[in-house]
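A.B. asks: Just run-v9.csv, nothing more (CSV, N, CA and C atoms and all ligand atoms):
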chain,number,residue,atom,x,y,z
A,1,MET,N,-114.5,93.5,136.3
A,1,MET,CA,-113.6,93.7,137.5
A,1,MET,C,-112.6,92.5,137.6
A,2,PRO,N,-111.3,92.8,137.6
A,2,PRO,CA,-110.3,91.7,137.7
A,2,PRO,C,-110.4,90.9,139.0
A,3,ALA,N,-110.1,89.6,139.0
A,3,ALA,CA,-110.1,88.8,140.2
A,3,ALA,C,-108.9,89.3,141.1
A,4,LYS,N,-109.2,89.3,142.4
A,4,LYS,CA,-108.2,89.7,143.4
A,4,LYS,C,-107.1,88.6,143.5
A,5,ARG,N,-106.0,88.8,144.1
A,5,ARG,CA,-105.0,87.9,144.3
A,5,ARG,C,-105.5,86.5,144.8
A,6,HIS,N,-105.2,85.5,144.1
A,6,HIS,CA,-105.6,84.1,144.6
A,6,HIS,C,-104.7,83.1,144.0
A,7,LEU,N,-104.7,81.9,144.6
A,7,LEU,CA,-104.0,80.8,144.0
A,7,LEU,C,-104.8,80.3,142.9
A,8,HIS,N,-104.2,80.1,141.7
A,8,HIS,CA,-104.9,79.7,140.5
A,8,HIS,C,-105.3,78.2,140.6
A,9,MET,N,-106.4,77.9,140.0
A,9,MET,CA,-106.8,76.5,139.9
A,9,MET,C,-106.8,76.1,138.4
A,10,TYR,N,-105.9,75.2,138.1
A,10,TYR,CA,-105.7,75.0,136.6
A,10,TYR,C,-106.5,73.9,136.0
A,11,ARG,N,-106.7,74.1,134.7
A,11,ARG,CA,-107.4,73.2,133.8
A,11,ARG,C,-106.7,73.2,132.5
A,12,LYS,N,-106.5,72.1,131.8
A,12,LYS,CA,-105.9,72.0,130.5
A,12,LYS,C,-106.7,72.8,129.5
A,13,VAL,N,-106.0,73.5,128.6
A,13,VAL,CA,-106.7,74.2,127.5
A,13,VAL,C,-106.9,73.2,126.4
A,14,LYS,N,-108.1,72.9,126.0
A,14,LYS,CA,-108.3,71.8,125.0
A,14,LYS,C,-107.7,72.2,123.6
A,15,SER,N,-107.9,73.5,123.2
A,15,SER,CA,-107.5,73.8,121.9
A,15,SER,C,-106.0,74.1,121.7
A,16,ARG,N,-105.3,74.3,122.9
A,16,ARG,CA,-103.8,74.6,122.8
A,16,ARG,C,-103.0,73.6,123.6
A,17,GLU,N,-102.4,72.7,123.0
A,17,GLU,CA,-101.6,71.7,123.6
A,17,GLU,C,-100.5,72.3,124.5
A,18,GLY,N,-100.4,71.8,125.8
A,18,GLY,CA,-99.3,72.3,126.6
A,18,GLY,C,-99.7,73.6,127.4
A,19,TYR,N,-100.9,74.1,127.3
A,19,TYR,CA,-101.4,75.3,128.0
A,19,TYR,C,-102.4,75.0,129.0
A,20,TYR,N,-102.4,75.7,130.1
A,20,TYR,CA,-103.3,75.5,131.2
A,20,TYR,C,-103.9,76.9,131.6
A,21,LYS,N,-105.2,76.9,132.0
A,21,LYS,CA,-105.8,78.2,132.4
A,21,LYS,C,-106.4,78.0,133.8
A,22,CYS,N,-106.6,79.1,134.4
A,22,CYS,CA,-107.2,79.2,135.7
A,22,CYS,C,-108.7,79.1,135.5
A,23,ILE,N,-109.4,78.3,136.4
A,23,ILE,CA,-110.9,78.2,136.2
A,23,ILE,C,-111.7,79.3,136.9
A,24,HIS,N,-111.0,80.2,137.7
A,24,HIS,CA,-111.7,81.2,138.3
A,24,HIS,C,-112.5,82.1,137.3
A,25,PRO,N,-113.8,82.3,137.5
A,25,PRO,CA,-114.6,83.0,136.5
A,25,PRO,C,-114.0,84.4,136.1
A,26,ASP,N,-113.4,85.1,137.0
A,26,ASP,CA,-112.9,86.4,136.7
A,26,ASP,C,-111.4,86.5,136.4
A,27,CYS,N,-110.8,85.3,136.3
A,27,CYS,CA,-109.3,85.3,136.0
A,27,CYS,C,-109.0,84.8,134.6
A,28,THR,N,-108.1,85.5,134.0
A,28,THR,CA,-107.8,85.2,132.6
A,28,THR,C,-106.4,84.6,132.5
A,29,HIS,N,-105.8,84.2,133.6
A,29,HIS,CA,-104.5,83.6,133.7
A,29,HIS,C,-104.3,82.3,132.8
A,30,VAL,N,-103.4,82.3,131.9
A,30,VAL,CA,-103.0,81.2,131.1
A,30,VAL,C,-101.5,81.0,131.2
A,31,VAL,N,-101.1,79.7,131.3
A,31,VAL,CA,-99.7,79.5,131.5
A,31,VAL,C,-99.3,78.2,130.7
A,32,GLN,N,-98.0,78.2,130.2
A,32,GLN,CA,-97.5,77.0,129.5
A,32,GLN,C,-97.0,76.0,130.6
A,33,ARG,N,-97.1,74.7,130.2
A,33,ARG,CA,-96.7,73.6,131.1
A,33,ARG,C,-95.3,73.8,131.7
A,34,GLU,N,-94.3,74.2,130.9
A,34,GLU,CA,-93.0,74.3,131.5
A,34,GLU,C,-92.8,75.4,132.6
A,35,PHE,N,-93.8,76.4,132.6
A,35,PHE,CA,-93.7,77.4,133.6
A,35,PHE,C,-94.5,77.1,134.8
A,36,LEU,N,-95.3,76.0,134.7
A,36,LEU,CA,-96.2,75.6,135.8
A,36,LEU,C,-95.5,74.6,136.8
A,37,ASP,N,-94.6,73.8,136.3
A,37,ASP,CA,-93.9,72.8,137.1
A,37,ASP,C,-93.2,73.4,138.3
A,38,GLY,N,-93.6,73.0,139.5
A,38,GLY,CA,-92.9,73.5,140.7
A,38,GLY,C,-93.6,74.7,141.3
A,39,LYS,N,-94.7,75.2,140.7
A,39,LYS,CA,-95.4,76.4,141.2
A,39,LYS,C,-96.6,75.9,142.1
A,40,ARG,N,-96.9,76.9,143.0
A,40,ARG,CA,-98.0,76.6,144.0
A,40,ARG,C,-99.3,76.9,143.3
A,41,ALA,N,-100.3,76.0,143.5
A,41,ALA,CA,-101.6,76.2,142.9
A,41,ALA,C,-102.6,75.7,143.9
A,42,ARG,N,-103.9,75.9,143.6
A,42,ARG,CA,-104.9,75.4,144.5
A,42,ARG,C,-105.5,74.1,143.8
A,43,CYS,N,-105.7,73.1,144.7
A,43,CYS,CA,-106.3,71.9,144.1
A,43,CYS,C,-107.7,72.1,143.6
A,44,TYR,N,-108.0,71.5,142.5
A,44,TYR,CA,-109.3,71.6,141.8
A,44,TYR,C,-110.4,71.0,142.7
A,45,TYR,N,-110.0,70.0,143.5
A,45,TYR,CA,-111.0,69.3,144.2
A,45,TYR,C,-111.1,69.6,145.7
A,46,CYS,N,-110.0,69.6,146.4
A,46,CYS,CA,-110.0,69.8,147.9
A,46,CYS,C,-109.8,71.3,148.2
A,47,GLN,N,-109.4,72.1,147.3
A,47,GLN,CA,-109.1,73.5,147.5
A,47,GLN,C,-107.8,73.8,148.3
A,48,GLU,N,-107.1,72.8,148.6
A,48,GLU,CA,-105.9,73.0,149.4
A,48,GLU,C,-104.7,73.4,148.5
A,49,PRO,N,-103.8,74.3,148.9
A,49,PRO,CA,-102.7,74.7,148.1
A,49,PRO,C,-101.7,73.5,148.0
A,50,TYR,N,-101.1,73.4,146.9
A,50,TYR,CA,-100.1,72.3,146.7
A,50,TYR,C,-99.1,72.7,145.6
A,51,VAL,N,-98.0,72.0,145.5
A,51,VAL,CA,-97.0,72.3,144.4
A,51,VAL,C,-97.2,71.4,143.2
A,52,VAL,N,-97.4,72.0,142.1
A,52,VAL,CA,-97.6,71.3,140.8
A,52,VAL,C,-96.4,70.4,140.4
A,53,THR,N,-96.7,69.2,140.1
A,53,THR,CA,-95.6,68.3,139.7
A,53,THR,C,-95.9,67.8,138.3
A,54,TRP,N,-94.9,67.2,137.7
A,54,TRP,CA,-95.1,66.7,136.3
A,54,TRP,C,-96.2,65.7,136.3
A,55,ARG,N,-96.4,65.0,137.4
A,55,ARG,CA,-97.5,64.0,137.5
A,55,ARG,C,-98.9,64.6,137.4
A,56,ALA,N,-99.0,65.8,138.1
A,56,ALA,CA,-100.3,66.5,138.1
A,56,ALA,C,-100.6,67.0,136.7
A,57,LEU,N,-99.5,67.3,136.0
A,57,LEU,CA,-99.7,67.9,134.6
A,57,LEU,C,-100.2,66.9,133.6
A,58,GLN,N,-100.2,65.6,133.9
A,58,GLN,CA,-100.7,64.6,133.0
A,58,GLN,C,-102.3,64.7,132.9
A,59,LEU,N,-102.9,65.4,133.9
A,59,LEU,CA,-104.3,65.3,134.0
A,59,LEU,C,-105.0,66.6,133.4
A,60,ILE,N,-106.3,66.5,133.1
A,60,ILE,CA,-107.0,67.6,132.5
A,60,ILE,C,-107.2,68.7,133.6
A,61,THR,N,-107.6,68.3,134.8
A,61,THR,CA,-107.7,69.2,135.9
A,61,THR,C,-106.6,69.0,136.9
A,62,LEU,N,-105.9,70.0,137.2
A,62,LEU,CA,-104.7,69.8,138.1
A,62,LEU,C,-105.1,69.7,139.6
A,63,ARG,N,-104.6,68.7,140.2
A,63,ARG,CA,-105.0,68.4,141.6
A,63,ARG,C,-103.8,68.0,142.4
A,64,CYS,N,-104.0,68.0,143.8
A,64,CYS,CA,-102.9,67.5,144.6
A,64,CYS,C,-102.8,66.0,144.6
A,65,GLU,N,-101.7,65.5,145.2
A,65,GLU,CA,-101.5,64.0,145.3
A,65,GLU,C,-102.7,63.3,146.0
A,66,ASP,N,-103.2,63.9,147.0
A,66,ASP,CA,-104.3,63.3,147.8
A,66,ASP,C,-105.5,63.0,146.9
A,67,CYS,N,-105.8,64.0,146.0
A,67,CYS,CA,-107.0,63.9,145.2
A,67,CYS,C,-106.7,63.2,143.9
A,68,ARG,N,-105.5,62.8,143.6
A,68,ARG,CA,-105.1,62.2,142.3
A,68,ARG,C,-105.9,60.9,142.1
A,69,TYR,N,-106.1,60.2,143.1
A,69,TYR,CA,-106.8,58.9,142.9
A,69,TYR,C,-108.3,58.9,143.3
A,70,LYS,N,-108.8,60.1,143.7
A,70,LYS,CA,-110.2,60.1,144.1
A,70,LYS,C,-111.0,60.5,142.9
A,71,ALA,N,-112.2,59.9,142.9
A,71,ALA,CA,-113.1,60.3,141.8
A,71,ALA,C,-113.5,61.7,141.8
A,72,PRO,N,-113.5,62.4,140.7
A,72,PRO,CA,-114.0,63.8,140.7
A,72,PRO,C,-115.4,63.9,141.2
A,73,LYS,N,-115.6,64.9,142.1
A,73,LYS,CA,-117.0,65.2,142.6
A,73,LYS,C,-117.4,66.5,142.1
A,74,ILE,N,-118.3,66.4,141.0
A,74,ILE,CA,-118.7,67.6,140.3
A,74,ILE,C,-119.4,68.7,141.3
A,75,LYS,N,-120.2,68.2,142.1
A,75,LYS,CA,-120.9,69.1,143.1
A,75,LYS,C,-120.0,69.9,143.9
A,76,LYS,N,-118.9,69.2,144.4
A,76,LYS,CA,-117.9,69.9,145.2
A,76,LYS,C,-117.2,71.0,144.4
A,77,VAL,N,-116.9,70.7,143.1
A,77,VAL,CA,-116.2,71.6,142.3
A,77,VAL,C,-117.1,72.9,142.1
A,78,GLN,N,-118.4,72.7,141.8
A,78,GLN,CA,-119.3,73.8,141.7
A,78,GLN,C,-119.3,74.7,142.9
A,79,LYS,N,-119.3,74.0,144.1
A,79,LYS,CA,-119.3,74.7,145.4
A,79,LYS,C,-118.0,75.5,145.5
A,80,THR,N,-116.9,74.9,145.1
A,80,THR,CA,-115.6,75.5,145.1
A,80,THR,C,-115.6,76.8,144.3
A,81,ILE,N,-116.1,76.8,143.1
A,81,ILE,CA,-116.1,78.0,142.3
A,81,ILE,C,-117.0,79.0,143.0
A,82,GLN,N,-118.1,78.6,143.6
A,82,GLN,CA,-119.0,79.6,144.3
A,82,GLN,C,-118.2,80.2,145.4
A,83,ASP,N,-117.5,79.4,146.2
A,83,ASP,CA,-116.7,79.9,147.3
A,83,ASP,C,-115.6,80.9,146.9
A,84,LEU,N,-115.0,80.6,145.7
A,84,LEU,CA,-114.0,81.5,145.2
A,84,LEU,C,-114.6,82.8,144.9
A,85,ILE,N,-115.8,82.8,144.3
A,85,ILE,CA,-116.4,84.1,144.0
A,85,ILE,C,-116.7,84.9,145.3
A,86,ASN,N,-117.2,84.2,146.3
A,86,ASN,CA,-117.6,84.8,147.5
A,86,ASN,C,-116.4,85.4,148.3
A,87,VAL,N,-115.3,84.6,148.3
A,87,VAL,CA,-114.2,85.0,149.1
A,87,VAL,C,-113.4,86.1,148.4
A,88,ASN,N,-113.3,86.0,147.1
A,88,ASN,CA,-112.5,86.9,146.3
A,88,ASN,C,-113.4,88.1,145.9
A,101,ZN,ZN,-106.6,82.6,138.6
A,102,ZN,ZN,-106.7,68.0,146.6
Please render this file's structure as C-alpha cells.
Ligand SMILES: [Zn+2]
Ligand SMILES: [Zn+2]

C.D. replies:
Amino acid sequence: MPAKRHLHMYRKVKSREGYYKCIHPDCTHVVQREFLDGKRARCYYCQEPYVVTWRALQLITLRCEDCRYKAPKIKKVQKTIQDLINVN
C-alpha cells in the first residue's frame, strides 16, 4: 500500500552521489539534490516542516536549522518513524 500524502524526510543515498530518499517505510520517493533546494520537507529530528537549504544538503540526514547543531537522538528518530506509520 502506498504511503499517503506526507512531507518527505530525507536521507542521502549512499550508493548514488547527489540523490536523497525519503525515510518513510512506505515511501519510494527519491530526488536529486538540485530539485530539493528550496523545497519543504520534514525535519529528521524534530519532525517540524522546514525549507531545505544548501546547508542542510551537506548532511547525511536533512534537518532544520534548529536541529543542525544538536546531536542526533536515535531513540527519537525511531519514535518519529513509528509516529509516521501511525499517522499515515
Ligand atoms: Zn516520503
Ligand atoms: Zn528540526

A.B. asks: 5 Å from ligand ZN 101 (chain A) is the threshold here; counting all atoms listed in the file, which polymer residues fall inside it? Answer as a list of chain:residue names.

C.D. replies: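 Those residues are A:His8, A:Met9, A:Cys22, A:Cys27.
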
A.B. asks: Residues within 6 Å of ligand ZN 102 (chain A) (all atoms listed in the file), as a PyMOL selection string?

C.D. replies: chain A and resi 43-48+63-67

A.B. asks: Using DSSP on the backbone, list every residue of range 34-87 of chain A that comes out as helix (DSSP H, G or I), and give them as a list in words.

C.D. replies: Glu34, Phe35, Leu36, Ala56, Leu57, Gln58, Glu65, Asp66, Cys67, Arg68, Ile74, Lys75, Lys76, Val77, Gln78, Lys79, Thr80, Ile81, Gln82, Asp83, Leu84, Ile85, Asn86 and Val87 of chain A

A.B. asks: DSSP on the backbone: which residues in chain A end up as strand (DSSP E or B)? Give the answer as a list in words.

C.D. replies: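 Selection result, strand (DSSP E or B) within chain A: Tyr10, Arg11, Lys12, Tyr19, Tyr20, Lys21, Cys22, Val30, Val31, Gln32, Arg40, Ala41, Arg42, Pro49, Tyr50, Val51 and Thr61 of chain A.
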
A.B. asks: Compare A:Arg68, A:Arg5, A:Arg55, A:Lys39 by their minimum atom-to-atom distance to His24 in chain A, counting only C-alpha atoms, and give me the closest one.

C.D. replies: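 Of A:Arg68, A:Arg5, A:Arg55, A:Lys39, the one nearest His24 in chain A is A:Arg5, counting only C-alpha atoms.
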
A.B. asks: Nearest residue to Arg11 in chain A out of A:Lys70, A:Val30, A:Ile81, A:Ile60, using only N, CA and C atoms?

C.D. replies: A:Ile60

A.B. asks: Check the smallest atom-to-atom distance from each of A:Tyr10, A:Tyr50, A:Tyr20, A:Tyr69 to Gln32 in chain A using only C-alpha atoms, then report the winner.

C.D. replies: A:Tyr20

A.B. asks: Hey, can you check how far atom C of Lys12 in chain A sits from atom C of Ile85 in chain A?

C.D. replies: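 Pair atom C of Lys12 in chain A / atom C of Ile85 in chain A returns 22.3 Å.
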
A.B. asks: Report the distance between CA of Glu34 in chain A and CA of Leu7 in chain A in Å, rounded to one decimal place.

C.D. replies: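 Rounded to one decimal, the two atoms are 17.9 Å apart.
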
A.B. asks: What is the atom N of Val51 in chain A-atom N of Ile23 in chain A distance in Å, reported with one decimal?

C.D. replies: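 Calculated distance between atom N of Val51 in chain A and atom N of Ile23 in chain A is 15.9 Å.
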
A.B. asks: From the options A:His6, A:His29, A:Lys79, A:Lys21, which residue's atoms come nearest to Arg42 in chain A, counting all atoms listed in the file?

C.D. replies: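 With all atoms listed in the file as the atom set, the closest residue is A:His6.
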